[in-house]
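Trainee: Here it is, the structure, as structure tokens.
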Amino acid sequence: MKQHTYFISDLHLDESRPGVLLFFHRFLDAIEPSASALYILGDFFEAWIGDDAAAPWQNEIAERLERLSQSGCDIFLMHGNRDFLLGDDFAKRCGGTLLPDPYVTDIYGRKVVLLHGDSLCTDDVRYQKFRSLTRDQAWQRTVLARPVEDRLKLAAQLRTMSQADNSTKAQDIMDVNAAAVAGCFDRTDCDVMIHGHTHRPALHATPGDGATPRLRYVLGDWHEHMHYIRANEDGIRLLRLSPDHLAKSAGDL
């Protein structure tokens with residue numbers, strides 16, 4: 001019975017991490033019987049240089065997601081700071097839809113705002129300038145018009161620059177800004193937020209305008225454990241599994 005909606009982010013899928021790829025395929029096998037929707041909220045891939053340059057292993061993922069879609073599960077994808085060049089063509093090959101960031105939807109009667117989360121890290125001024133550049137449509141068209149080999153080099157350069165930059169930053173500026181979070185809640189008129197990006201899985205509750213607190217669910221990465229959210233008529237839960245647990249609990253996520 002299709003009774004659950006799932007949310008994931010920050011898998012950073014890459015051919016160099018076959019264990020995470022296997023982990024993801026097992027996750028899809030486990031949720032397929034019960035999943036009515038799957039939201040992938042950015043940084044699905046470690047890097048993405050264009051839909052025309054998808055590698056065979058990435059095409060296999062698209063085919064697997066398309067099979068999940070055919071089972072009756074709606075698939076939704078969102079850009080992250082690693083895969084901002086992912087396009088509608090790949091989303092369609094997954095049987096899915098590419099969502100804007102932020103995106104407001106109804107989840108079992110709750111008005112929920114979904115986003116990758118990097119837009120909330122406003123204390124990191126240098127990153128926000130980079131984000132504005134890479135989300136610019138003209139910049140993206142210029143990059144996508146370059147040969148695949150050039151795009152591969154650019155992706156490697158951006159990754160190296162990001163790692164070097166992050167190694168010198170204070171940890172607090174790479175987390176969300178409280179005012180940015182409050183502003184997002186206000187603009188969208190939501191009392192639930194789900195995002196990733198920071199790799200700091202947690203549930204945060206803050207006072208809202210009324211008696212109901214505002215809830216912010218933060219998804220984690222998939223480097224050692226699988227962090228995901230499962231929502232249904234009973235509520236929204238942030239969950240974590242190890243690879244060993246997943247292997248033993250297929251169909252019970």
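The way I read the labels, and the way they are meant: chains A, B, ... in the order of the structure tokens, residue 1 as the first residue of every chain, and ligand 1 as the first ligand shown, with later ones counted on from there.
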Using only C-alpha atoms, which residues sit within 9 Å of segment 86-103 of chain A once same-chain residues fewer than 4 positions away are excluded, as a ChimeraX atom specification?

Mentor: /A:41,48-52,54,59,61-70,74-79,112-117,119,184,188

Trainee: Could you pull the residues within 12 Å of Pro18 of chain A, counting only C-alpha atoms, minus those fewer than 6 positions along the same chain, as an MDAnalysis selection string?

Mentor: chainID A and resid 11:12 24:25 57 223

Trainee: With C-alpha atoms kept, could you save the residues just selected as a PDB file, in the first residue's frame?

Mentor:
ATOM      1  CA  LEU A  11      23.789  11.524  -1.119  1.00  0.00           C
ATOM      2  CA  HIS A  12      26.695  12.934  -3.167  1.00  0.00           C
ATOM      3  CA  PHE A  24      20.771   3.840  -2.543  1.00  0.00           C
ATOM      4  CA  HIS A  25      19.580   1.004  -4.764  1.00  0.00           C
ATOM      5  CA  TRP A  57      26.076   4.509 -13.767  1.00  0.00           C
ATOM      6  CA  HIS A 223      28.517   9.009   3.975  1.00  0.00           C
TER       7      HIS A 223
END

Trainee: Once DSSP has gone over the backbone, tell me which residues of segment 108-219 of chain A are in helix (DSSP H, G or I), as a PDB file with N, CA and C atoms, in the first residue's frame.

Mentor:
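Okay, selection-v3.pdb is ready:
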ATOM      1  N   ASP A 118      21.119  25.622   1.174  1.00  0.00           N
ATOM      2  CA  ASP A 118      22.276  26.505   1.054  1.00  0.00           C
ATOM      3  C   ASP A 118      21.881  27.980   1.031  1.00  0.00           C
ATOM      4  N   SER A 119      20.670  28.281   0.566  1.00  0.00           N
ATOM      5  CA  SER A 119      20.222  29.674   0.538  1.00  0.00           C
ATOM      6  C   SER A 119      20.034  30.245   1.938  1.00  0.00           C
ATOM      7  N   LEU A 120      19.957  29.383   2.942  1.00  0.00           N
ATOM      8  CA  LEU A 120      19.770  29.827   4.326  1.00  0.00           C
ATOM      9  C   LEU A 120      21.086  30.159   5.022  1.00  0.00           C
ATOM     10  N   VAL A 125      29.186  34.708   3.125  1.00  0.00           N
ATOM     11  CA  VAL A 125      29.005  35.687   2.049  1.00  0.00           C
ATOM     12  C   VAL A 125      29.674  35.230   0.759  1.00  0.00           C
ATOM     13  N   ARG A 126      30.871  34.666   0.868  1.00  0.00           N
ATOM     14  CA  ARG A 126      31.564  34.216  -0.345  1.00  0.00           C
ATOM     15  C   ARG A 126      30.782  33.124  -1.054  1.00  0.00           C
ATOM     16  N   TYR A 127      30.235  32.199  -0.285  1.00  0.00           N
ATOM     17  CA  TYR A 127      29.456  31.139  -0.921  1.00  0.00           C
ATOM     18  C   TYR A 127      28.205  31.699  -1.577  1.00  0.00           C
ATOM     19  N   GLN A 128      27.536  32.651  -0.946  1.00  0.00           N
ATOM     20  CA  GLN A 128      26.314  33.203  -1.527  1.00  0.00           C
ATOM     21  C   GLN A 128      26.597  33.902  -2.854  1.00  0.00           C
ATOM     22  N   LYS A 129      27.760  34.520  -2.986  1.00  0.00           N
ATOM     23  CA  LYS A 129      28.141  35.110  -4.274  1.00  0.00           C
ATOM     24  C   LYS A 129      28.330  34.014  -5.318  1.00  0.00           C
ATOM     25  N   PHE A 130      28.989  32.921  -4.913  1.00  0.00           N
ATOM     26  CA  PHE A 130      29.175  31.782  -5.818  1.00  0.00           C
ATOM     27  C   PHE A 130      27.825  31.190  -6.204  1.00  0.00           C
ATOM     28  N   ARG A 131      26.930  31.081  -5.250  1.00  0.00           N
ATOM     29  CA  ARG A 131      25.606  30.519  -5.528  1.00  0.00           C
ATOM     30  C   ARG A 131      24.854  31.377  -6.543  1.00  0.00           C
ATOM     31  N   SER A 132      24.909  32.688  -6.368  1.00  0.00           N
ATOM     32  CA  SER A 132      24.230  33.582  -7.312  1.00  0.00           C
ATOM     33  C   SER A 132      24.781  33.412  -8.721  1.00  0.00           C
ATOM     34  N   LEU A 133      26.098  33.244  -8.825  1.00  0.00           N
ATOM     35  CA  LEU A 133      26.719  33.050 -10.138  1.00  0.00           C
ATOM     36  C   LEU A 133      26.255  31.755 -10.774  1.00  0.00           C
ATOM     37  N   THR A 134      26.320  30.663 -10.034  1.00  0.00           N
ATOM     38  CA  THR A 134      26.030  29.355 -10.627  1.00  0.00           C
ATOM     39  C   THR A 134      24.544  29.138 -10.888  1.00  0.00           C
ATOM     40  N   GLN A 137      21.122  31.920 -15.255  1.00  0.00           N
ATOM     41  CA  GLN A 137      20.806  31.146 -16.449  1.00  0.00           C
ATOM     42  C   GLN A 137      21.809  31.387 -17.575  1.00  0.00           C
ATOM     43  N   ALA A 138      22.267  32.628 -17.738  1.00  0.00           N
ATOM     44  CA  ALA A 138      23.236  32.924 -18.794  1.00  0.00           C
ATOM     45  C   ALA A 138      24.555  32.207 -18.524  1.00  0.00           C
ATOM     46  N   TRP A 139      25.004  32.215 -17.259  1.00  0.00           N
ATOM     47  CA  TRP A 139      26.241  31.513 -16.897  1.00  0.00           C
ATOM     48  C   TRP A 139      26.096  30.029 -17.174  1.00  0.00           C
ATOM     49  N   GLN A 140      24.953  29.445 -16.816  1.00  0.00           N
ATOM     50  CA  GLN A 140      24.743  28.017 -17.033  1.00  0.00           C
ATOM     51  C   GLN A 140      24.739  27.672 -18.520  1.00  0.00           C
ATOM     52  N   ARG A 141      24.100  28.509 -19.337  1.00  0.00           N
ATOM     53  CA  ARG A 141      24.088  28.245 -20.783  1.00  0.00           C
ATOM     54  C   ARG A 141      25.501  28.276 -21.347  1.00  0.00           C
ATOM     55  N   THR A 142      26.309  29.213 -20.872  1.00  0.00           N
ATOM     56  CA  THR A 142      27.691  29.306 -21.347  1.00  0.00           C
ATOM     57  C   THR A 142      28.479  28.058 -20.977  1.00  0.00           C
ATOM     58  N   VAL A 143      28.322  27.609 -19.738  1.00  0.00           N
ATOM     59  CA  VAL A 143      29.040  26.417 -19.278  1.00  0.00           C
ATOM     60  C   VAL A 143      28.583  25.183 -20.047  1.00  0.00           C
ATOM     61  N   LEU A 144      27.284  25.011 -20.211  1.00  0.00           N
ATOM     62  CA  LEU A 144      26.754  23.816 -20.874  1.00  0.00           C
ATOM     63  C   LEU A 144      27.092  23.773 -22.359  1.00  0.00           C
ATOM     64  N   VAL A 148      32.468  18.592 -23.193  1.00  0.00           N
ATOM     65  CA  VAL A 148      32.360  17.799 -21.968  1.00  0.00           C
ATOM     66  C   VAL A 148      33.682  17.777 -21.210  1.00  0.00           C
ATOM     67  N   GLU A 149      34.795  17.655 -21.942  1.00  0.00           N
ATOM     68  CA  GLU A 149      36.100  17.599 -21.287  1.00  0.00           C
ATOM     69  C   GLU A 149      36.362  18.871 -20.477  1.00  0.00           C
ATOM     70  N   ASP A 150      35.974  20.013 -21.032  1.00  0.00           N
ATOM     71  CA  ASP A 150      36.160  21.277 -20.319  1.00  0.00           C
ATOM     72  C   ASP A 150      35.282  21.339 -19.073  1.00  0.00           C
ATOM     73  N   ARG A 151      34.070  20.824 -19.196  1.00  0.00           N
ATOM     74  CA  ARG A 151      33.157  20.836 -18.051  1.00  0.00           C
ATOM     75  C   ARG A 151      33.656  19.918 -16.937  1.00  0.00           C
ATOM     76  N   LEU A 152      34.250  18.790 -17.314  1.00  0.00           N
ATOM     77  CA  LEU A 152      34.825  17.895 -16.311  1.00  0.00           C
ATOM     78  C   LEU A 152      35.946  18.592 -15.541  1.00  0.00           C
ATOM     79  N   LYS A 153      36.781  19.323 -16.263  1.00  0.00           N
ATOM     80  CA  LYS A 153      37.864  20.058 -15.613  1.00  0.00           C
ATOM     81  C   LYS A 153      37.310  21.142 -14.695  1.00  0.00           C
ATOM     82  N   LEU A 154      36.268  21.837 -15.161  1.00  0.00           N
ATOM     83  CA  LEU A 154      35.665  22.887 -14.346  1.00  0.00           C
ATOM     84  C   LEU A 154      35.075  22.306 -13.065  1.00  0.00           C
ATOM     85  N   ALA A 155      34.398  21.170 -13.170  1.00  0.00           N
ATOM     86  CA  ALA A 155      33.810  20.536 -11.986  1.00  0.00           C
ATOM     87  C   ALA A 155      34.888  20.169 -10.976  1.00  0.00           C
ATOM     88  N   ALA A 156      36.007  19.637 -11.468  1.00  0.00           N
ATOM     89  CA  ALA A 156      37.109  19.272 -10.572  1.00  0.00           C
ATOM     90  C   ALA A 156      37.700  20.512  -9.907  1.00  0.00           C
ATOM     91  N   GLN A 157      37.824  21.587 -10.672  1.00  0.00           N
ATOM     92  CA  GLN A 157      38.356  22.829 -10.114  1.00  0.00           C
ATOM     93  C   GLN A 157      37.430  23.399  -9.041  1.00  0.00           C
ATOM     94  N   LEU A 158      36.133  23.401  -9.319  1.00  0.00           N
ATOM     95  CA  LEU A 158      35.172  23.930  -8.351  1.00  0.00           C
ATOM     96  C   LEU A 158      35.167  23.105  -7.071  1.00  0.00           C
ATOM     97  N   ARG A 159      35.300  21.785  -7.213  1.00  0.00           N
ATOM     98  CA  ARG A 159      35.326  20.913  -6.040  1.00  0.00           C
ATOM     99  C   ARG A 159      36.563  21.197  -5.190  1.00  0.00           C
ATOM    100  N   THR A 160      37.716  21.340  -5.839  1.00  0.00           N
ATOM    101  CA  THR A 160      38.956  21.627  -5.118  1.00  0.00           C
ATOM    102  C   THR A 160      38.874  22.975  -4.410  1.00  0.00           C
ATOM    103  N   MET A 161      38.340  23.975  -5.112  1.00  0.00           N
ATOM    104  CA  MET A 161      38.196  25.311  -4.522  1.00  0.00           C
ATOM    105  C   MET A 161      37.255  25.277  -3.322  1.00  0.00           C
ATOM    106  N   SER A 162      36.158  24.525  -3.443  1.00  0.00           N
ATOM    107  CA  SER A 162      35.190  24.434  -2.350  1.00  0.00           C
ATOM    108  C   SER A 162      35.810  23.779  -1.124  1.00  0.00           C
ATOM    109  N   GLN A 163      36.544  22.688  -1.334  1.00  0.00           N
ATOM    110  CA  GLN A 163      37.174  21.992  -0.215  1.00  0.00           C
ATOM    111  C   GLN A 163      38.205  22.876   0.476  1.00  0.00           C
ATOM    112  N   ALA A 164      38.990  23.602  -0.319  1.00  0.00           N
ATOM    113  CA  ALA A 164      40.002  24.485   0.253  1.00  0.00           C
ATOM    114  C   ALA A 164      39.350  25.636   1.014  1.00  0.00           C
ATOM    115  N   ASP A 165      38.280  26.182   0.446  1.00  0.00           N
ATOM    116  CA  ASP A 165      37.584  27.297   1.080  1.00  0.00           C
ATOM    117  C   ASP A 165      36.935  26.864   2.393  1.00  0.00           C
ATOM    118  N   ASN A 166      36.275  25.712   2.375  1.00  0.00           N
ATOM    119  CA  ASN A 166      35.583  25.239   3.579  1.00  0.00           C
ATOM    120  C   ASN A 166      36.546  24.900   4.709  1.00  0.00           C
ATOM    121  N   SER A 167      37.758  24.491   4.353  1.00  0.00           N
ATOM    122  CA  SER A 167      38.725  24.105   5.386  1.00  0.00           C
ATOM    123  C   SER A 167      39.180  25.292   6.222  1.00  0.00           C
ATOM    124  N   GLN A 171      32.991  26.964  11.491  1.00  0.00           N
ATOM    125  CA  GLN A 171      31.864  26.052  11.307  1.00  0.00           C
ATOM    126  C   GLN A 171      30.516  26.766  11.374  1.00  0.00           C
ATOM    127  N   ASP A 172      30.422  27.802  12.205  1.00  0.00           N
ATOM    128  CA  ASP A 172      29.112  28.428  12.391  1.00  0.00           C
ATOM    129  C   ASP A 172      28.624  29.159  11.151  1.00  0.00           C
ATOM    130  N   ILE A 173      29.525  29.698  10.333  1.00  0.00           N
ATOM    131  CA  ILE A 173      29.049  30.422   9.154  1.00  0.00           C
ATOM    132  C   ILE A 173      28.587  29.471   8.058  1.00  0.00           C
ATOM    133  N   MET A 174      28.904  28.180   8.188  1.00  0.00           N
ATOM    134  CA  MET A 174      28.430  27.209   7.204  1.00  0.00           C
ATOM    135  C   MET A 174      27.103  26.585   7.614  1.00  0.00           C
ATOM    136  N   ALA A 178      19.658  32.202  11.498  1.00  0.00           N
ATOM    137  CA  ALA A 178      18.332  32.160  12.125  1.00  0.00           C
ATOM    138  C   ALA A 178      17.358  33.132  11.471  1.00  0.00           C
ATOM    139  N   ALA A 179      17.843  34.312  11.112  1.00  0.00           N
ATOM    140  CA  ALA A 179      16.964  35.295  10.477  1.00  0.00           C
ATOM    141  C   ALA A 179      16.531  34.832   9.089  1.00  0.00           C
ATOM    142  N   ALA A 180      17.445  34.161   8.373  1.00  0.00           N
ATOM    143  CA  ALA A 180      17.099  33.640   7.049  1.00  0.00           C
ATOM    144  C   ALA A 180      16.037  32.553   7.157  1.00  0.00           C
ATOM    145  N   VAL A 181      16.155  31.716   8.182  1.00  0.00           N
ATOM    146  CA  VAL A 181      15.151  30.668   8.406  1.00  0.00           C
ATOM    147  C   VAL A 181      13.800  31.290   8.720  1.00  0.00           C
ATOM    148  N   ALA A 182      13.788  32.256   9.640  1.00  0.00           N
ATOM    149  CA  ALA A 182      12.533  32.912  10.009  1.00  0.00           C
ATOM    150  C   ALA A 182      11.913  33.615   8.811  1.00  0.00           C
ATOM    151  N   GLY A 183      12.748  34.241   7.992  1.00  0.00           N
ATOM    152  CA  GLY A 183      12.245  34.921   6.806  1.00  0.00           C
ATOM    153  C   GLY A 183      11.612  33.967   5.819  1.00  0.00           C
ATOM    154  N   CYS A 184      12.205  32.790   5.662  1.00  0.00           N
ATOM    155  CA  CYS A 184      11.647  31.781   4.756  1.00  0.00           C
ATOM    156  C   CYS A 184      10.297  31.292   5.266  1.00  0.00           C
ATOM    157  N   PHE A 185      10.206  31.044   6.561  1.00  0.00           N
ATOM    158  CA  PHE A 185       8.914  30.665   7.149  1.00  0.00           C
ATOM    159  C   PHE A 185       7.865  31.754   6.890  1.00  0.00           C
ATOM    160  N   ASP A 186       8.254  33.010   7.099  1.00  0.00           N
ATOM    161  CA  ASP A 186       7.308  34.114   6.944  1.00  0.00           C
ATOM    162  C   ASP A 186       6.847  34.255   5.494  1.00  0.00           C
ATOM    163  N   ARG A 187       7.793  34.219   4.560  1.00  0.00           N
ATOM    164  CA  ARG A 187       7.447  34.435   3.145  1.00  0.00           C
ATOM    165  C   ARG A 187       6.546  33.337   2.605  1.00  0.00           C
ATOM    166  N   THR A 188       6.766  32.124   3.064  1.00  0.00           N
ATOM    167  CA  THR A 188       6.010  30.992   2.529  1.00  0.00           C
ATOM    168  C   THR A 188       4.765  30.670   3.341  1.00  0.00           C
TER     169      THR A 188
END

Trainee: Record the distance separating atom CA of Asn177 of chain A and atom CA of Asp124 of chain A, expressed in Å with one decimal.

Mentor: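 Separating atom CA of Asn177 of chain A from atom CA of Asp124 of chain A is a distance of 9.3 Å.
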
Trainee: Which polymer residues have any atom within 7 Å of an atom of segment 8-10 of chain A, counting only C-alpha atoms, with same-chain residues fewer than 2 positions away left out, as a list of chain:residue names?

Mentor: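 What passes the distance filter is A:Tyr6, A:His12, A:Tyr39, A:Ile40, A:Leu41, A:Gly42, A:Asp43, A:Phe44, A:Gly196, A:His197, A:Leu219, A:Gly220, A:Asp221, A:Trp222, A:His227, A:Tyr228, A:Ile229.
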
Trainee: Hey, can you spit out that residue selection with C-alpha atoms as a PDB file, in the first residue's frame?

Mentor:
ATOM      1  CA  TYR A   6      10.081  10.037   1.682  1.00  0.00           C
ATOM      2  CA  HIS A  12      26.695  12.934  -3.167  1.00  0.00           C
ATOM      3  CA  TYR A  39      11.669  14.016  -2.797  1.00  0.00           C
ATOM      4  CA  ILE A  40      15.416  14.327  -3.502  1.00  0.00           C
ATOM      5  CA  LEU A  41      16.401  17.740  -2.129  1.00  0.00           C
ATOM      6  CA  GLY A  42      19.715  18.441  -3.814  1.00  0.00           C
ATOM      7  CA  ASP A  43      23.293  17.202  -3.922  1.00  0.00           C
ATOM      8  CA  PHE A  44      21.981  13.911  -5.238  1.00  0.00           C
ATOM      9  CA  GLY A 196      19.560  19.414   3.762  1.00  0.00           C
ATOM     10  CA  HIS A 197      22.955  20.880   2.780  1.00  0.00           C
ATOM     11  CA  LEU A 219      18.397  15.899   6.560  1.00  0.00           C
ATOM     12  CA  GLY A 220      21.863  14.398   6.893  1.00  0.00           C
ATOM     13  CA  ASP A 221      24.297  13.036   4.332  1.00  0.00           C
ATOM     14  CA  TRP A 222      24.796   9.398   3.337  1.00  0.00           C
ATOM     15  CA  HIS A 227      19.423   9.800   6.794  1.00  0.00           C
ATOM     16  CA  TYR A 228      15.888  10.202   5.500  1.00  0.00           C
ATOM     17  CA  ILE A 229      12.475  11.524   6.422  1.00  0.00           C
TER      18      ILE A 229
END

Trainee: Can you work out the spacing between atom CA of Ser71 of chain A and atom CA of Leu21 of chain A in Å, to one decimal?

Mentor: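 One can read the atom CA of Ser71 of chain A to atom CA of Leu21 of chain A distance as 20.9 Å.
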
Trainee: Looking only at strand (DSSP E or B) from DSSP on the backbone, list the matching residues of segment 51-209 of chain A as a list in words.

Mentor: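 Restricting segment 51-209 of chain A to strand (DSSP E or B) produces Asp74, Ile75, Phe76, Leu77, Met78, Gly96, Thr97, Leu98, Leu99, Tyr103, Val104, Thr105, Asp106, Ile107, Arg110, Lys111, Val112, Val113, Leu114, Val192, Met193, Ile194, His195, Ala202, Leu203, His204, Ala205 and Thr206 of chain A.
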
Trainee: Leaving out Arg82 of chain A and any residue of its chain fewer than 2 positions from it, which residues lie within 6 Å of it when counting only C-alpha atoms, given as number ranges by chain?

Mentor: A: 43, 46-47, 80, 84

Trainee: The selected residues should be written to file as a PDB file, in the first residue's frame (atoms: N, CA and C atoms).

Mentor:
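again_12.pdb, written as the output of this step:
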ATOM      1  N   ASP A  43      22.036  17.928  -4.095  1.00  0.00           N
ATOM      2  CA  ASP A  43      23.293  17.202  -3.922  1.00  0.00           C
ATOM      3  C   ASP A  43      23.069  15.699  -4.003  1.00  0.00           C
ATOM      4  N   GLU A  46      27.524  13.999  -6.573  1.00  0.00           N
ATOM      5  CA  GLU A  46      28.697  14.756  -6.146  1.00  0.00           C
ATOM      6  C   GLU A  46      29.008  15.871  -7.129  1.00  0.00           C
ATOM      7  N   ALA A  47      28.760  15.609  -8.398  1.00  0.00           N
ATOM      8  CA  ALA A  47      28.947  16.628  -9.434  1.00  0.00           C
ATOM      9  C   ALA A  47      28.023  16.302 -10.593  1.00  0.00           C
ATOM     10  N   GLY A  80      21.088  21.107  -5.834  1.00  0.00           N
ATOM     11  CA  GLY A  80      21.921  21.386  -4.681  1.00  0.00           C
ATOM     12  C   GLY A  80      23.092  22.244  -5.119  1.00  0.00           C
ATOM     13  N   PHE A  84      23.826  21.668  -9.544  1.00  0.00           N
ATOM     14  CA  PHE A  84      22.961  22.762  -9.990  1.00  0.00           C
ATOM     15  C   PHE A  84      22.750  22.783 -11.501  1.00  0.00           C
TER      16      PHE A  84
END

Trainee: Can you work out which one of A:Asp123, A:Gly109, A:Ala35, A:Lys169 has the shortest atom-to-atom distance to Glu233 of chain A, counting only C-alpha atoms?

Mentor: A:Gly109

Trainee: Here is a test: counting only C-alpha atoms, which residue of A:Ile107, A:Cys73, A:Met193, A:Met1 is nearest to Leu28 of chain A?

Mentor: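 Answer, going by the shortest atom-to-atom distance: A:Cys73.
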
Trainee: Quick check, in Å to one decimal: how far apart do atom CA of Ala55 of chain A and atom CA of Val20 of chain A lie?

Mentor: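 A separation of 16.4 Å between them.
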
Trainee: So, counting only C-alpha atoms, which residue among A:Arg146, A:Cys121, A:Pro207, A:Ala53 is closest to Val176 of chain A?

Mentor: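 Among the listed residues, the smallest separation from Val176 of chain A belongs to A:Cys121.
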